[in-house]
Amino acid sequence: MKTQVAIIGAGPSGLLLGQLLHKAGISNIIVERQSAEYVLGRIRAGVLEQGMVDLLREAGVSQRMEAEGLPHSGFELAFDGRREHIDLKGLTGGQGVMIYGQTEVTRDLMGAREASGAITIYQADNVRPHGMKSAEPYLTFEKDGVAQRIDCDYIAGCDGYHGVARQSIPADTLKVFERVYPFGWLGILADTPPVSDELVYARHERGFALCSMRSPTRTRYYVQVSAEEKVEDWPDERFWDELKSRLPAELAERMVTGPSIEKSIAPLRSFVVEPMQYGRLFLVGDAAHIVPPTGAKGLNLAASDVSTLYNILRKVYTEGRSDLLEKYSAICLRRIWKAERFSWWMTSMLHRFPDSDAFSQRIQHTELDYFVSSEAGRKTLAENYVGLPYESIEDA
Ligand code: APR
Ligand code: PHB
């Protein structure tokens, strides 16, 4: 097989890049290790920045999001029994976020890809990129036991944190930056009405809690748990009791509980590799960076990487601007590090750290108190939460 861009991974990064390239007349093939059903079964975050909403519109896959997504113009921080509203719209000159699950974004992208006739190869084994430093890179893999090869101009590694793309780059050419947090998030999905119209991020002595949602009838709630915790030890009733114990009384009292339809524990990690390019291989999304979910930035960062690579490739193919390819990594990393900083900061400010002493706890509390009581502090929170502007590909 032959194509212009070979894409590894059919998560949101790979599917969105594929759709944008296809619309621009640039051929691409996606090769994915799992089945489409498996990819859709993963429950992930659900807060889209305006930049991502605009990109989905540009890709022609925004119809259901516009109809079913919930535009939010603020969120809440809860601590010490206080409930502090962060008015995103008022603090950022009119910006907000869209609540729409990653699973739904993926479903819409899969539908659009199927309608477009572009090729996606699911359940591909042993995917490997080759010749990245040459002008003729290619992918090899096996499908139903038969060896296959895709020749291409460029390879996009959209295969997530555990993917093969990053691991195919010689380790001595990559610099890794990492922080593993000593806790995880236990999350449940339930068909219950949300406790509040907006998301609530809560700091409590027992640990962090988050009240989120997928729709007016479906909630997504989280509680911080220790890194060693097991899902089996968390029957629904224990989860609801723990969640309520960490929320201000008026929220706890009005919480509607019900059976969970999904329950899982996710570890928290900050991770970045530099650079995000090796010859003709480009790392996109979780393949290159992970953020803890506290700032809701993971999916949005994947979208800004996609936007950058798409805009560069378009100029390469239409205007011969191959000089831009070398700039991909630097352009992406500027925005990535700012989102890494925000996600780390929100995590540090809102979680209970097992080794934190009395002084650290007072500072942590004061930091939250300061940021919500100062106009400048609220603006900082808001401008980061709605998402910093996408970087231009021209003035790198
Ligand atoms: N070969 C082919 N496909 C692979 C391989 C491989 N060796 N390894 C992983 N994949 C596939 C995975 O099965 C998955 O479908 O690559 C896809 C990667 O998707 P995600 O992990 O969702 O990553 P990405 O598309 O970058 O999405 C952005 O940011 O913070 C997160 O929640 C957010 O998952 C979202 C991510
Ligand atoms: C979610 O809805 O899953 C969610 C929302 C906000 C976050 C993290 C996760 O910060």
# chains A, B, ... in the order shown; residues from 1 in each chain; ligands from 1
$ closest_atom_pairs --of "chain A" --to "ligand 1" --cutoff "7 Å" --atoms "only C-alpha atoms and all ligand atoms" --output "CSV"
residue,atom,partner,partner_atom_place_in_ligand_line,distance
A:Ile8,CA,ligand 1,2 (C),5.2
A:Gly9,CA,ligand 1,16 (O),3.4
A:Ala10,CA,ligand 1,15 (O),4.8
A:Gly11,CA,ligand 1,19 (O),3.5
A:Pro12,CA,ligand 1,25 (O),4.1
A:Ser13,CA,ligand 1,25 (O),3.7
A:Gly14,CA,ligand 1,25 (O),5.6
A:Val31,CA,ligand 1,2 (C),5.7
A:Glu32,CA,ligand 1,3 (N),3.8
A:Arg33,CA,ligand 1,2 (C),3.9
A:Gln34,CA,ligand 1,13 (O),5.1
A:Val39,CA,ligand 1,15 (O),5.3
A:Arg44,CA,ligand 1,32 (O),4.8
A:Ala45,CA,ligand 1,32 (O),5.4
A:Gln102,CA,ligand 1,32 (O),6.9
A:Ala124,CA,ligand 1,2 (C),6.6
A:Asp125,CA,ligand 1,1 (N),6.9
A:Asn126,CA,ligand 1,7 (N),6.4
A:Val127,CA,ligand 1,1 (N),4.9
A:Cys158,CA,ligand 1,26 (O),5.3
A:Asp159,CA,ligand 1,16 (O),3.2
A:Gly160,CA,ligand 1,21 (O),3.7
A:Tyr161,CA,ligand 1,21 (O),6.2
A:His162,CA,ligand 1,8 (N),5.7
A:Gly163,CA,ligand 1,8 (N),3.5
A:Val164,CA,ligand 1,7 (N),4.4
A:Val284,CA,ligand 1,26 (O),6.1
A:Gly285,CA,ligand 1,26 (O),3.6
A:Asp286,CA,ligand 1,26 (O),4.0
A:Ala287,CA,ligand 1,26 (O),6.0
A:Ile290,CA,ligand 1,30 (O),6.2
A:Val291,CA,ligand 1,30 (O),6.6
A:Lys297,CA,ligand 1,30 (O),6.8
A:Gly298,CA,ligand 1,30 (O),3.1
A:Leu299,CA,ligand 1,29 (O),3.9
A:Ala302,CA,ligand 1,28 (C),5.0
$ closest_atom_pairs --of "segment 122-234 of chain A" --to "segment 341-359 of chain A" --cutoff "9 Å" --atoms "only C-alpha atoms" --output "tab-separated table"
residue	atom	partner	partner_atom	distance
A:Tyr181	CA	A:Phe353	CA	8.7
A:Pro182	CA	A:Phe353	CA	7.3
A:Phe183	CA	A:Phe353	CA	8.2
A:Tyr201	CA	A:Leu350	CA	8.0
A:Ala202	CA	A:Leu350	CA	7.0
A:Arg203	CA	A:Leu350	CA	4.9
A:His204	CA	A:Arg352	CA	7.6
A:Glu205	CA	A:Arg352	CA	6.7
A:Arg206	CA	A:Arg352	CA	7.2
A:Gly207	CA	A:Arg352	CA	5.0
A:Phe208	CA	A:His351	CA	5.0
A:Ala209	CA	A:His351	CA	8.6
A:Gln224	CA	A:His351	CA	7.4
A:Ser226	CA	A:Pro354	CA	8.8
$ residues_near_ligand --ligand "ligand 2" --cutoff "6 Å" --atoms "only C-alpha atoms and all ligand atoms" --output "MDAnalysis selection string"
chainID A and resid 44:47 212:213 220 293:296
$ write_last_selection --atoms "N, CA, C and O atoms" --output "PDB file, in the first residue's frame"
ATOM      1  N   ARG A  44     -12.855   8.410  28.879  1.00  0.00           N
ATOM      2  CA  ARG A  44     -11.835   9.432  29.165  1.00  0.00           C
ATOM      3  C   ARG A  44     -12.518  10.751  29.495  1.00  0.00           C
ATOM      4  O   ARG A  44     -13.696  10.788  29.770  1.00  0.00           O
ATOM      5  N   ALA A  45     -11.769  11.835  29.395  1.00  0.00           N
ATOM      6  CA  ALA A  45     -12.274  13.131  29.851  1.00  0.00           C
ATOM      7  C   ALA A  45     -13.370  13.694  28.945  1.00  0.00           C
ATOM      8  O   ALA A  45     -13.776  13.068  27.964  1.00  0.00           O
ATOM      9  N   GLY A  46     -13.842  14.878  29.291  1.00  0.00           N
ATOM     10  CA  GLY A  46     -14.974  15.402  28.533  1.00  0.00           C
ATOM     11  C   GLY A  46     -15.090  16.920  28.463  1.00  0.00           C
ATOM     12  O   GLY A  46     -16.178  17.438  28.281  1.00  0.00           O
ATOM     13  N   VAL A  47     -13.971  17.630  28.617  1.00  0.00           N
ATOM     14  CA  VAL A  47     -14.022  19.097  28.571  1.00  0.00           C
ATOM     15  C   VAL A  47     -13.252  19.580  27.340  1.00  0.00           C
ATOM     16  O   VAL A  47     -12.048  19.351  27.235  1.00  0.00           O
ATOM     17  N   SER A 212     -18.221  15.909  37.698  1.00  0.00           N
ATOM     18  CA  SER A 212     -18.331  16.270  36.294  1.00  0.00           C
ATOM     19  C   SER A 212     -19.558  15.582  35.710  1.00  0.00           C
ATOM     20  O   SER A 212     -20.335  14.942  36.427  1.00  0.00           O
ATOM     21  N   MET A 213     -19.741  15.725  34.415  1.00  0.00           N
ATOM     22  CA  MET A 213     -20.962  15.166  33.793  1.00  0.00           C
ATOM     23  C   MET A 213     -20.701  14.874  32.329  1.00  0.00           C
ATOM     24  O   MET A 213     -19.718  15.333  31.740  1.00  0.00           O
ATOM     25  N   ARG A 220     -20.203  11.973  35.802  1.00  0.00           N
ATOM     26  CA  ARG A 220     -18.872  11.396  35.921  1.00  0.00           C
ATOM     27  C   ARG A 220     -18.263  12.023  37.173  1.00  0.00           C
ATOM     28  O   ARG A 220     -18.053  13.245  37.217  1.00  0.00           O
ATOM     29  N   PRO A 293      -5.154  14.730  35.086  1.00  0.00           N
ATOM     30  CA  PRO A 293      -6.428  15.213  34.520  1.00  0.00           C
ATOM     31  C   PRO A 293      -7.002  16.465  35.190  1.00  0.00           C
ATOM     32  O   PRO A 293      -8.020  16.991  34.738  1.00  0.00           O
ATOM     33  N   THR A 294      -6.369  16.944  36.236  1.00  0.00           N
ATOM     34  CA  THR A 294      -6.954  18.030  37.040  1.00  0.00           C
ATOM     35  C   THR A 294      -7.260  19.291  36.239  1.00  0.00           C
ATOM     36  O   THR A 294      -8.159  20.039  36.584  1.00  0.00           O
ATOM     37  N   GLY A 295      -6.493  19.566  35.183  1.00  0.00           N
ATOM     38  CA  GLY A 295      -6.770  20.772  34.405  1.00  0.00           C
ATOM     39  C   GLY A 295      -7.599  20.489  33.163  1.00  0.00           C
ATOM     40  O   GLY A 295      -7.886  21.404  32.387  1.00  0.00           O
ATOM     41  N   ALA A 296      -7.982  19.223  32.940  1.00  0.00           N
ATOM     42  CA  ALA A 296      -8.763  18.809  31.757  1.00  0.00           C
ATOM     43  C   ALA A 296      -8.041  19.157  30.459  1.00  0.00           C
ATOM     44  O   ALA A 296      -8.638  19.642  29.503  1.00  0.00           O
TER      45      ALA A 296
END
$ atom_distance --atom1 "atom CA of Ser260 of chain A" --atom2 "atom CA of Thr103 of chain A"
17.3 Å
$ atom_distance --atom1 "atom CA of Thr257 of chain A" --atom2 "atom CA of Thr106 of chain A"
28.0 Å
$ closest_residue --among "A:Thr380, A:Gln364, A:Gln148, A:Gln277" --to "Ser329 of chain A" --atoms "only C-alpha atoms"
A:Gln277
$ select_by_dssp --residues "segment 126-320 of chain A" --states "strand (DSSP E)" --output "ChimeraX atom specification"
/A:126-130,138-143,146-151,154-157,175-190,200-202,209-215,218-226,260-274,277-278,281-283,289-290
$ closest_residue --among "A:Ala112, A:Leu70, A:Val105, A:Ala36" --to "Leu20 of chain A" --atoms "only C-alpha atoms"
A:Ala112
$ closest_residue --among "A:Glu319, A:Glu250, A:Glu383, A:Asp233" --to "Glu49 of chain A" --atoms "only C-alpha atoms"
A:Glu383
$ residues_around --residues "Glu68 of chain A" --least-positions-apart "4" --cutoff "9 Å" --atoms "only C-alpha atoms" --output "list in words"
Gln63, Arg64, Tyr100 and Ser215 of chain A
$ residues_around --residues "Arg334 of chain A" --least-positions-apart "3" --cutoff "10 Å" --atoms "only C-alpha atoms" --output "ChimeraX atom specification"
/A:329-331,337-339,390-391,396
$ residues_around --residues "segment 128-133 of chain A" --least-positions-apart "4" --cutoff "8 Å" --atoms "only C-alpha atoms" --output "list in words"
Pro137, Tyr138, Leu139, Thr140, Phe141, Ile155, Val164, Ala165, Ser168, Tyr278, Gly279, Arg280 and Leu281 of chain A
$ residues_around --residues "Leu109 of chain A" --least-positions-apart "2" --cutoff "9 Å" --atoms "only C-alpha atoms" --output "number ranges by chain"
A: 12, 15-16, 19, 56, 59, 61, 104-107, 111-114
$ residues_around --residues "Ala171 of chain A" --least-positions-apart "4" --cutoff "12 Å" --atoms "only C-alpha atoms" --output "PyMOL selection string"
chain A and resi 165-167+175-176+273-275+278
$ write_last_selection --atoms "N, CA, C and O atoms" --output "PDB file, in the first residue's frame"
ATOM      1  N   ALA A 165       5.472   4.256  18.517  1.00  0.00           N
ATOM      2  CA  ALA A 165       6.175   5.338  17.803  1.00  0.00           C
ATOM      3  C   ALA A 165       7.318   5.922  18.647  1.00  0.00           C
ATOM      4  O   ALA A 165       8.470   5.972  18.199  1.00  0.00           O
ATOM      5  N   ARG A 166       6.988   6.340  19.865  1.00  0.00           N
ATOM      6  CA  ARG A 166       8.024   6.941  20.713  1.00  0.00           C
ATOM      7  C   ARG A 166       9.130   5.922  21.002  1.00  0.00           C
ATOM      8  O   ARG A 166      10.317   6.255  21.018  1.00  0.00           O
ATOM      9  N   GLN A 167       8.721   4.679  21.196  1.00  0.00           N
ATOM     10  CA  GLN A 167       9.698   3.631  21.526  1.00  0.00           C
ATOM     11  C   GLN A 167      10.586   3.271  20.341  1.00  0.00           C
ATOM     12  O   GLN A 167      11.607   2.604  20.519  1.00  0.00           O
ATOM     13  N   LYS A 175      14.798  13.384  25.307  1.00  0.00           N
ATOM     14  CA  LYS A 175      14.921  13.777  26.702  1.00  0.00           C
ATOM     15  C   LYS A 175      13.545  13.583  27.347  1.00  0.00           C
ATOM     16  O   LYS A 175      12.539  14.044  26.797  1.00  0.00           O
ATOM     17  N   VAL A 176      13.522  12.893  28.473  1.00  0.00           N
ATOM     18  CA  VAL A 176      12.248  12.596  29.133  1.00  0.00           C
ATOM     19  C   VAL A 176      12.108  13.428  30.405  1.00  0.00           C
ATOM     20  O   VAL A 176      13.047  13.504  31.204  1.00  0.00           O
ATOM     21  N   VAL A 273       8.203  14.251  26.326  1.00  0.00           N
ATOM     22  CA  VAL A 273       9.478  13.938  25.659  1.00  0.00           C
ATOM     23  C   VAL A 273       9.819  15.058  24.687  1.00  0.00           C
ATOM     24  O   VAL A 273       8.936  15.638  24.042  1.00  0.00           O
ATOM     25  N   GLU A 274      11.087  15.322  24.596  1.00  0.00           N
ATOM     26  CA  GLU A 274      11.604  16.318  23.646  1.00  0.00           C
ATOM     27  C   GLU A 274      12.745  15.676  22.866  1.00  0.00           C
ATOM     28  O   GLU A 274      13.565  14.986  23.474  1.00  0.00           O
ATOM     29  N   PRO A 275      12.840  15.901  21.564  1.00  0.00           N
ATOM     30  CA  PRO A 275      11.849  16.573  20.723  1.00  0.00           C
ATOM     31  C   PRO A 275      10.719  15.619  20.347  1.00  0.00           C
ATOM     32  O   PRO A 275      10.776  14.432  20.677  1.00  0.00           O
ATOM     33  N   TYR A 278      11.387  12.799  14.916  1.00  0.00           N
ATOM     34  CA  TYR A 278      12.614  12.074  14.587  1.00  0.00           C
ATOM     35  C   TYR A 278      12.568  11.836  13.086  1.00  0.00           C
ATOM     36  O   TYR A 278      11.813  10.973  12.604  1.00  0.00           O
TER      37      TYR A 278
END
$ select_by_dssp --residues "segment 7-194 of chain A" --states "alpha helix (DSSP H)" --output "PyMOL selection string"
chain A and resi 12-23+36-41+50-58+63-68+88-92+102-116+164-167
$ closest_residue --among "A:Arg57, A:Lys244, A:Arg42, A:His289" --to "Ser270 of chain A" --atoms "only C-alpha atoms"
A:His289
$ closest_residue --among "A:Ala24, A:Met276, A:Ile188, A:Val306" --to "Arg238 of chain A" --atoms "only C-alpha atoms"
A:Ile188
